[in-house]
file upload.pdb (PDB, N, CA and C atoms, pLDDT in the B column)
MODEL        1
ATOM      1  N   MET A  24       0.840  -1.177   0.000  1.00 48.00           N
ATOM      2  CA  MET A  24       0.000   0.000   0.000  1.00 48.00           C
ATOM      3  C   MET A  24       0.887   1.242   0.000  1.00 48.00           C
ATOM      4  N   THR A  25       0.549   2.215  -0.808  1.00 56.00           N
ATOM      5  CA  THR A  25       1.378   3.413  -0.909  1.00 56.00           C
ATOM      6  C   THR A  25       1.088   4.363   0.240  1.00 56.00           C
ATOM      7  N   ASP A  26       1.976   5.309   0.418  1.00 60.00           N
ATOM      8  CA  ASP A  26       1.844   6.291   1.491  1.00 60.00           C
ATOM      9  C   ASP A  26       1.095   7.539   1.020  1.00 60.00           C
ATOM     10  N   GLN A  27       0.799   7.637  -0.269  1.00 65.00           N
ATOM     11  CA  GLN A  27       0.180   8.838  -0.819  1.00 65.00           C
ATOM     12  C   GLN A  27      -1.205   9.144  -0.234  1.00 65.00           C
ATOM     13  N   PRO A  28      -2.126   8.175  -0.109  1.00 69.00           N
ATOM     14  CA  PRO A  28      -3.431   8.526   0.471  1.00 69.00           C
ATOM     15  C   PRO A  28      -3.325   9.060   1.890  1.00 69.00           C
ATOM     16  N   GLN A  29      -2.408   8.534   2.673  1.00 70.00           N
ATOM     17  CA  GLN A  29      -2.257   9.017   4.045  1.00 70.00           C
ATOM     18  C   GLN A  29      -1.765  10.465   4.045  1.00 70.00           C
ATOM     19  N   ARG A  30      -0.855  10.802   3.143  1.00 73.00           N
ATOM     20  CA  ARG A  30      -0.384  12.185   3.066  1.00 73.00           C
ATOM     21  C   ARG A  30      -1.512  13.112   2.657  1.00 73.00           C
ATOM     22  N   THR A  31      -2.333  12.680   1.737  1.00 86.00           N
ATOM     23  CA  THR A  31      -3.442  13.513   1.304  1.00 86.00           C
ATOM     24  C   THR A  31      -4.429  13.696   2.448  1.00 86.00           C
ATOM     25  N   LYS A  32      -4.686  12.648   3.196  1.00 88.00           N
ATOM     26  CA  LYS A  32      -5.589  12.730   4.342  1.00 88.00           C
ATOM     27  C   LYS A  32      -5.032  13.698   5.375  1.00 88.00           C
ATOM     28  N   GLN A  33      -3.736  13.628   5.621  1.00 92.00           N
ATOM     29  CA  GLN A  33      -3.101  14.552   6.562  1.00 92.00           C
ATOM     30  C   GLN A  33      -3.169  15.987   6.050  1.00 92.00           C
ATOM     31  N   PHE A  34      -3.022  16.172   4.739  1.00 93.00           N
ATOM     32  CA  PHE A  34      -3.114  17.512   4.163  1.00 93.00           C
ATOM     33  C   PHE A  34      -4.514  18.081   4.367  1.00 93.00           C
ATOM     34  N   TYR A  35      -5.525  17.266   4.124  1.00 93.00           N
ATOM     35  CA  TYR A  35      -6.902  17.707   4.349  1.00 93.00           C
ATOM     36  C   TYR A  35      -7.100  18.087   5.816  1.00 93.00           C
ATOM     37  N   ARG A  36      -6.641  17.220   6.713  1.00 93.00           N
ATOM     38  CA  ARG A  36      -6.834  17.458   8.139  1.00 93.00           C
ATOM     39  C   ARG A  36      -6.112  18.725   8.587  1.00 93.00           C
ATOM     40  N   SER A  37      -4.885  18.911   8.138  1.00 94.00           N
ATOM     41  CA  SER A  37      -4.115  20.097   8.523  1.00 94.00           C
ATOM     42  C   SER A  37      -4.733  21.363   7.962  1.00 94.00           C
ATOM     43  N   SER A  38      -5.150  21.310   6.715  1.00 95.00           N
ATOM     44  CA  SER A  38      -5.780  22.476   6.102  1.00 95.00           C
ATOM     45  C   SER A  38      -7.088  22.815   6.809  1.00 95.00           C
ATOM     46  N   GLY A  39      -7.856  21.797   7.148  1.00 95.00           N
ATOM     47  CA  GLY A  39      -9.108  22.018   7.867  1.00 95.00           C
ATOM     48  C   GLY A  39      -8.872  22.625   9.237  1.00 95.00           C
ATOM     49  N   ALA A  40      -7.808  22.208   9.899  1.00 96.00           N
ATOM     50  CA  ALA A  40      -7.495  22.760  11.213  1.00 96.00           C
ATOM     51  C   ALA A  40      -7.127  24.235  11.115  1.00 96.00           C
ATOM     52  N   VAL A  41      -6.390  24.604  10.087  1.00 96.00           N
ATOM     53  CA  VAL A  41      -6.016  26.013   9.909  1.00 96.00           C
ATOM     54  C   VAL A  41      -7.248  26.857   9.589  1.00 96.00           C
ATOM     55  N   VAL A  42      -8.102  26.348   8.722  1.00 96.00           N
ATOM     56  CA  VAL A  42      -9.338  27.073   8.393  1.00 96.00           C
ATOM     57  C   VAL A  42     -10.230  27.168   9.635  1.00 96.00           C
ATOM     58  N   GLY A  43     -10.311  26.085  10.406  1.00 96.00           N
ATOM     59  CA  GLY A  43     -11.091  26.105  11.642  1.00 96.00           C
ATOM     60  C   GLY A  43     -10.545  27.094  12.652  1.00 96.00           C
ATOM     61  N   LEU A  44      -9.236  27.220  12.720  1.00 96.00           N
ATOM     62  CA  LEU A  44      -8.617  28.204  13.603  1.00 96.00           C
ATOM     63  C   LEU A  44      -9.043  29.607  13.212  1.00 96.00           C
ATOM     64  N   ALA A  45      -9.003  29.903  11.929  1.00 96.00           N
ATOM     65  CA  ALA A  45      -9.402  31.228  11.455  1.00 96.00           C
ATOM     66  C   ALA A  45     -10.891  31.474  11.720  1.00 96.00           C
ATOM     67  N   LEU A  46     -11.716  30.458  11.479  1.00 96.00           N
ATOM     68  CA  LEU A  46     -13.147  30.620  11.737  1.00 96.00           C
ATOM     69  C   LEU A  46     -13.426  30.781  13.233  1.00 96.00           C
ATOM     70  N   GLY A  47     -12.707  30.037  14.056  1.00 96.00           N
ATOM     71  CA  GLY A  47     -12.860  30.184  15.506  1.00 96.00           C
ATOM     72  C   GLY A  47     -12.492  31.577  15.970  1.00 96.00           C
ATOM     73  N   TYR A  48     -11.432  32.124  15.418  1.00 96.00           N
ATOM     74  CA  TYR A  48     -11.042  33.495  15.755  1.00 96.00           C
ATOM     75  C   TYR A  48     -12.108  34.484  15.301  1.00 96.00           C
ATOM     76  N   GLY A  49     -12.627  34.279  14.096  1.00 96.00           N
ATOM     77  CA  GLY A  49     -13.670  35.172  13.581  1.00 96.00           C
ATOM     78  C   GLY A  49     -14.932  35.130  14.423  1.00 96.00           C
ATOM     79  N   VAL A  50     -15.348  33.939  14.802  1.00 95.00           N
ATOM     80  CA  VAL A  50     -16.545  33.808  15.639  1.00 95.00           C
ATOM     81  C   VAL A  50     -16.307  34.441  17.005  1.00 95.00           C
ATOM     82  N   MET A  51     -15.128  34.233  17.559  1.00 96.00           N
ATOM     83  CA  MET A  51     -14.811  34.828  18.855  1.00 96.00           C
ATOM     84  C   MET A  51     -14.848  36.351  18.774  1.00 96.00           C
ATOM     85  N   THR A  52     -14.305  36.891  17.698  1.00 95.00           N
ATOM     86  CA  THR A  52     -14.289  38.344  17.533  1.00 95.00           C
ATOM     87  C   THR A  52     -15.699  38.891  17.325  1.00 95.00           C
ATOM     88  N   LEU A  53     -16.485  38.210  16.513  1.00 96.00           N
ATOM     89  CA  LEU A  53     -17.854  38.675  16.239  1.00 96.00           C
ATOM     90  C   LEU A  53     -18.758  38.607  17.468  1.00 96.00           C
ATOM     91  N   THR A  54     -18.553  37.620  18.314  1.00 96.00           N
ATOM     92  CA  THR A  54     -19.381  37.500  19.508  1.00 96.00           C
ATOM     93  C   THR A  54     -18.909  38.389  20.645  1.00 96.00           C
ATOM     94  N   GLY A  55     -17.709  38.942  20.536  1.00 96.00           N
ATOM     95  CA  GLY A  55     -17.223  39.881  21.537  1.00 96.00           C
ATOM     96  C   GLY A  55     -16.512  39.251  22.717  1.00 96.00           C
ATOM     97  N   PHE A  56     -16.242  37.968  22.665  1.00 95.00           N
ATOM     98  CA  PHE A  56     -15.511  37.327  23.755  1.00 95.00           C
ATOM     99  C   PHE A  56     -14.036  37.697  23.669  1.00 95.00           C
ATOM    100  N   THR A  57     -13.428  37.882  24.826  1.00 93.00           N
ATOM    101  CA  THR A  57     -12.002  38.181  24.887  1.00 93.00           C
ATOM    102  C   THR A  57     -11.387  37.360  26.014  1.00 93.00           C
ATOM    103  N   GLY A  58     -10.091  37.296  26.042  1.00 95.00           N
ATOM    104  CA  GLY A  58      -9.376  36.627  27.120  1.00 95.00           C
ATOM    105  C   GLY A  58      -8.765  35.311  26.702  1.00 95.00           C
ATOM    106  N   MET A  59      -7.972  34.792  27.612  1.00 96.00           N
ATOM    107  CA  MET A  59      -7.226  33.583  27.324  1.00 96.00           C
ATOM    108  C   MET A  59      -8.121  32.345  27.296  1.00 96.00           C
ATOM    109  N   VAL A  60      -9.091  32.259  28.177  1.00 96.00           N
ATOM    110  CA  VAL A  60      -9.974  31.094  28.217  1.00 96.00           C
ATOM    111  C   VAL A  60     -10.834  31.053  26.959  1.00 96.00           C
ATOM    112  N   ALA A  61     -11.385  32.189  26.576  1.00 95.00           N
ATOM    113  CA  ALA A  61     -12.198  32.247  25.356  1.00 95.00           C
ATOM    114  C   ALA A  61     -11.354  31.890  24.135  1.00 95.00           C
ATOM    115  N   SER A  62     -10.131  32.381  24.087  1.00 95.00           N
ATOM    116  CA  SER A  62      -9.242  32.056  22.969  1.00 95.00           C
ATOM    117  C   SER A  62      -8.976  30.561  22.909  1.00 95.00           C
ATOM    118  N   ALA A  63      -8.713  29.955  24.042  1.00 96.00           N
ATOM    119  CA  ALA A  63      -8.439  28.512  24.067  1.00 96.00           C
ATOM    120  C   ALA A  63      -9.650  27.721  23.601  1.00 96.00           C
ATOM    121  N   LEU A  64     -10.830  28.104  24.050  1.00 96.00           N
ATOM    122  CA  LEU A  64     -12.044  27.378  23.674  1.00 96.00           C
ATOM    123  C   LEU A  64     -12.381  27.549  22.195  1.00 96.00           C
ATOM    124  N   PHE A  65     -12.399  28.784  21.721  1.00 96.00           N
ATOM    125  CA  PHE A  65     -12.776  29.034  20.332  1.00 96.00           C
ATOM    126  C   PHE A  65     -11.719  28.532  19.358  1.00 96.00           C
ATOM    127  N   TRP A  66     -10.450  28.820  19.630  1.00 95.00           N
ATOM    128  CA  TRP A  66      -9.390  28.413  18.704  1.00 95.00           C
ATOM    129  C   TRP A  66      -9.190  26.914  18.729  1.00 95.00           C
ATOM    130  N   GLY A  67      -9.160  26.339  19.915  1.00 95.00           N
ATOM    131  CA  GLY A  67      -8.999  24.887  20.016  1.00 95.00           C
ATOM    132  C   GLY A  67     -10.180  24.156  19.412  1.00 95.00           C
ATOM    133  N   GLY A  68     -11.376  24.629  19.726  1.00 96.00           N
ATOM    134  CA  GLY A  68     -12.574  24.023  19.142  1.00 96.00           C
ATOM    135  C   GLY A  68     -12.610  24.164  17.638  1.00 96.00           C
ATOM    136  N   GLY A  69     -12.192  25.312  17.146  1.00 96.00           N
ATOM    137  CA  GLY A  69     -12.152  25.521  15.699  1.00 96.00           C
ATOM    138  C   GLY A  69     -11.169  24.582  15.015  1.00 96.00           C
ATOM    139  N   CYS A  70     -10.004  24.389  15.622  1.00 96.00           N
ATOM    140  CA  CYS A  70      -9.008  23.473  15.049  1.00 96.00           C
ATOM    141  C   CYS A  70      -9.519  22.041  15.012  1.00 96.00           C
ATOM    142  N   VAL A  71     -10.097  21.603  16.103  1.00 96.00           N
ATOM    143  CA  VAL A  71     -10.588  20.224  16.177  1.00 96.00           C
ATOM    144  C   VAL A  71     -11.743  20.009  15.206  1.00 96.00           C
ATOM    145  N   LEU A  72     -12.718  20.906  15.235  1.00 96.00           N
ATOM    146  CA  LEU A  72     -13.875  20.751  14.353  1.00 96.00           C
ATOM    147  C   LEU A  72     -13.491  20.900  12.887  1.00 96.00           C
ATOM    148  N   GLY A  73     -12.578  21.811  12.592  1.00 96.00           N
ATOM    149  CA  GLY A  73     -12.112  21.962  11.216  1.00 96.00           C
ATOM    150  C   GLY A  73     -11.391  20.733  10.706  1.00 96.00           C
ATOM    151  N   GLY A  74     -10.550  20.147  11.553  1.00 95.00           N
ATOM    152  CA  GLY A  74      -9.855  18.921  11.172  1.00 95.00           C
ATOM    153  C   GLY A  74     -10.809  17.764  10.968  1.00 95.00           C
ATOM    154  N   MET A  75     -11.804  17.661  11.833  1.00 95.00           N
ATOM    155  CA  MET A  75     -12.791  16.588  11.695  1.00 95.00           C
ATOM    156  C   MET A  75     -13.627  16.765  10.434  1.00 95.00           C
ATOM    157  N   ALA A  76     -14.047  17.993  10.166  1.00 95.00           N
ATOM    158  CA  ALA A  76     -14.848  18.254   8.968  1.00 95.00           C
ATOM    159  C   ALA A  76     -14.041  17.966   7.704  1.00 95.00           C
ATOM    160  N   ALA A  77     -12.777  18.348   7.702  1.00 95.00           N
ATOM    161  CA  ALA A  77     -11.935  18.100   6.533  1.00 95.00           C
ATOM    162  C   ALA A  77     -11.694  16.613   6.321  1.00 95.00           C
ATOM    163  N   GLU A  78     -11.566  15.861   7.401  1.00 93.00           N
ATOM    164  CA  GLU A  78     -11.384  14.416   7.276  1.00 93.00           C
ATOM    165  C   GLU A  78     -12.644  13.764   6.700  1.00 93.00           C
ATOM    166  N   HIS A  79     -13.803  14.231   7.117  1.00 94.00           N
ATOM    167  CA  HIS A  79     -15.049  13.720   6.540  1.00 94.00           C
ATOM    168  C   HIS A  79     -15.164  14.096   5.070  1.00 94.00           C
ATOM    169  N   LEU A  80     -14.725  15.296   4.729  1.00 93.00           N
ATOM    170  CA  LEU A  80     -14.724  15.724   3.333  1.00 93.00           C
ATOM    171  C   LEU A  80     -13.792  14.847   2.507  1.00 93.00           C
ATOM    172  N   PHE A  81     -12.639  14.496   3.062  1.00 91.00           N
ATOM    173  CA  PHE A  81     -11.708  13.607   2.374  1.00 91.00           C
ATOM    174  C   PHE A  81     -12.349  12.247   2.115  1.00 91.00           C
ATOM    175  N   ARG A  82     -12.998  11.689   3.136  1.00 90.00           N
ATOM    176  CA  ARG A  82     -13.663  10.388   2.956  1.00 90.00           C
ATOM    177  C   ARG A  82     -14.768  10.472   1.915  1.00 90.00           C
ATOM    178  N   TRP A  83     -15.519  11.567   1.922  1.00 90.00           N
ATOM    179  CA  TRP A  83     -16.607  11.749   0.964  1.00 90.00           C
ATOM    180  C   TRP A  83     -16.060  11.864  -0.462  1.00 90.00           C
ATOM    181  N   ASN A  84     -14.936  12.594  -0.631  1.00 87.00           N
ATOM    182  CA  ASN A  84     -14.326  12.745  -1.952  1.00 87.00           C
ATOM    183  C   ASN A  84     -13.646  11.471  -2.416  1.00 87.00           C
ATOM    184  N   SER A  85     -13.223  10.619  -1.492  1.00 83.00           N
ATOM    185  CA  SER A  85     -12.519   9.381  -1.869  1.00 83.00           C
ATOM    186  C   SER A  85     -13.478   8.322  -2.428  1.00 83.00           C
ATOM    187  N   ASN A  86     -14.732   8.413  -2.054  1.00 78.00           N
ATOM    188  CA  ASN A  86     -15.708   7.398  -2.507  1.00 78.00           C
ATOM    189  C   ASN A  86     -16.291   7.714  -3.837  1.00 78.00           C
TER     190      ASN A  86
ENDMDL
END

call {"tool": "encode", "arguments": {"input": "upload.pdb", "output": "structure tokens"}}
result
Amino acid sequence: MTDQPQRTKQFYRSSGAVVGLALGYGVMTLTGFTGMVASALFWGGGCVLGGMAAEHLFRWNSN
């Protein structure tokens, strides 16, 4: 089995995490939350959810 599909899956996941980070920051800014705890929740949540969504998108595109 080649290593190429795994690299593509990792690329999707990493890209999704970066996009999720940006969206988490945007949502945090739009809602008016500030501080370290809010940053950790919104940015961390955005990274995790973005990575998960991108992985599902990868599976959907692979089929």

call {"tool": "atom_distance", "arguments": {"input": "upload.pdb", "atom1": "atom N of A:Gly58", "atom2": "atom N of A:Gly74"}}
result
22.5 Å

call {"tool": "resolve_selection", "arguments": {"input": "upload.pdb", "expression": "the PyMOL selection byres (((chain A and resi 40 and name CA) around 9) and name CA)", "output": "MDAnalysis selection string"}}
result
chainID A and resid 35:39 41:45 69:77

call {"tool": "atom_distance", "arguments": {"input": "upload.pdb", "atom1": "atom C of A:Thr52", "atom2": "atom N of A:Gly67"}}
result
14.4 Å

call {"tool": "atom_distance", "arguments": {"input": "upload.pdb", "atom1": "atom CA of A:Gly47", "atom2": "atom N of A:Leu80"}}
result
18.5 Å
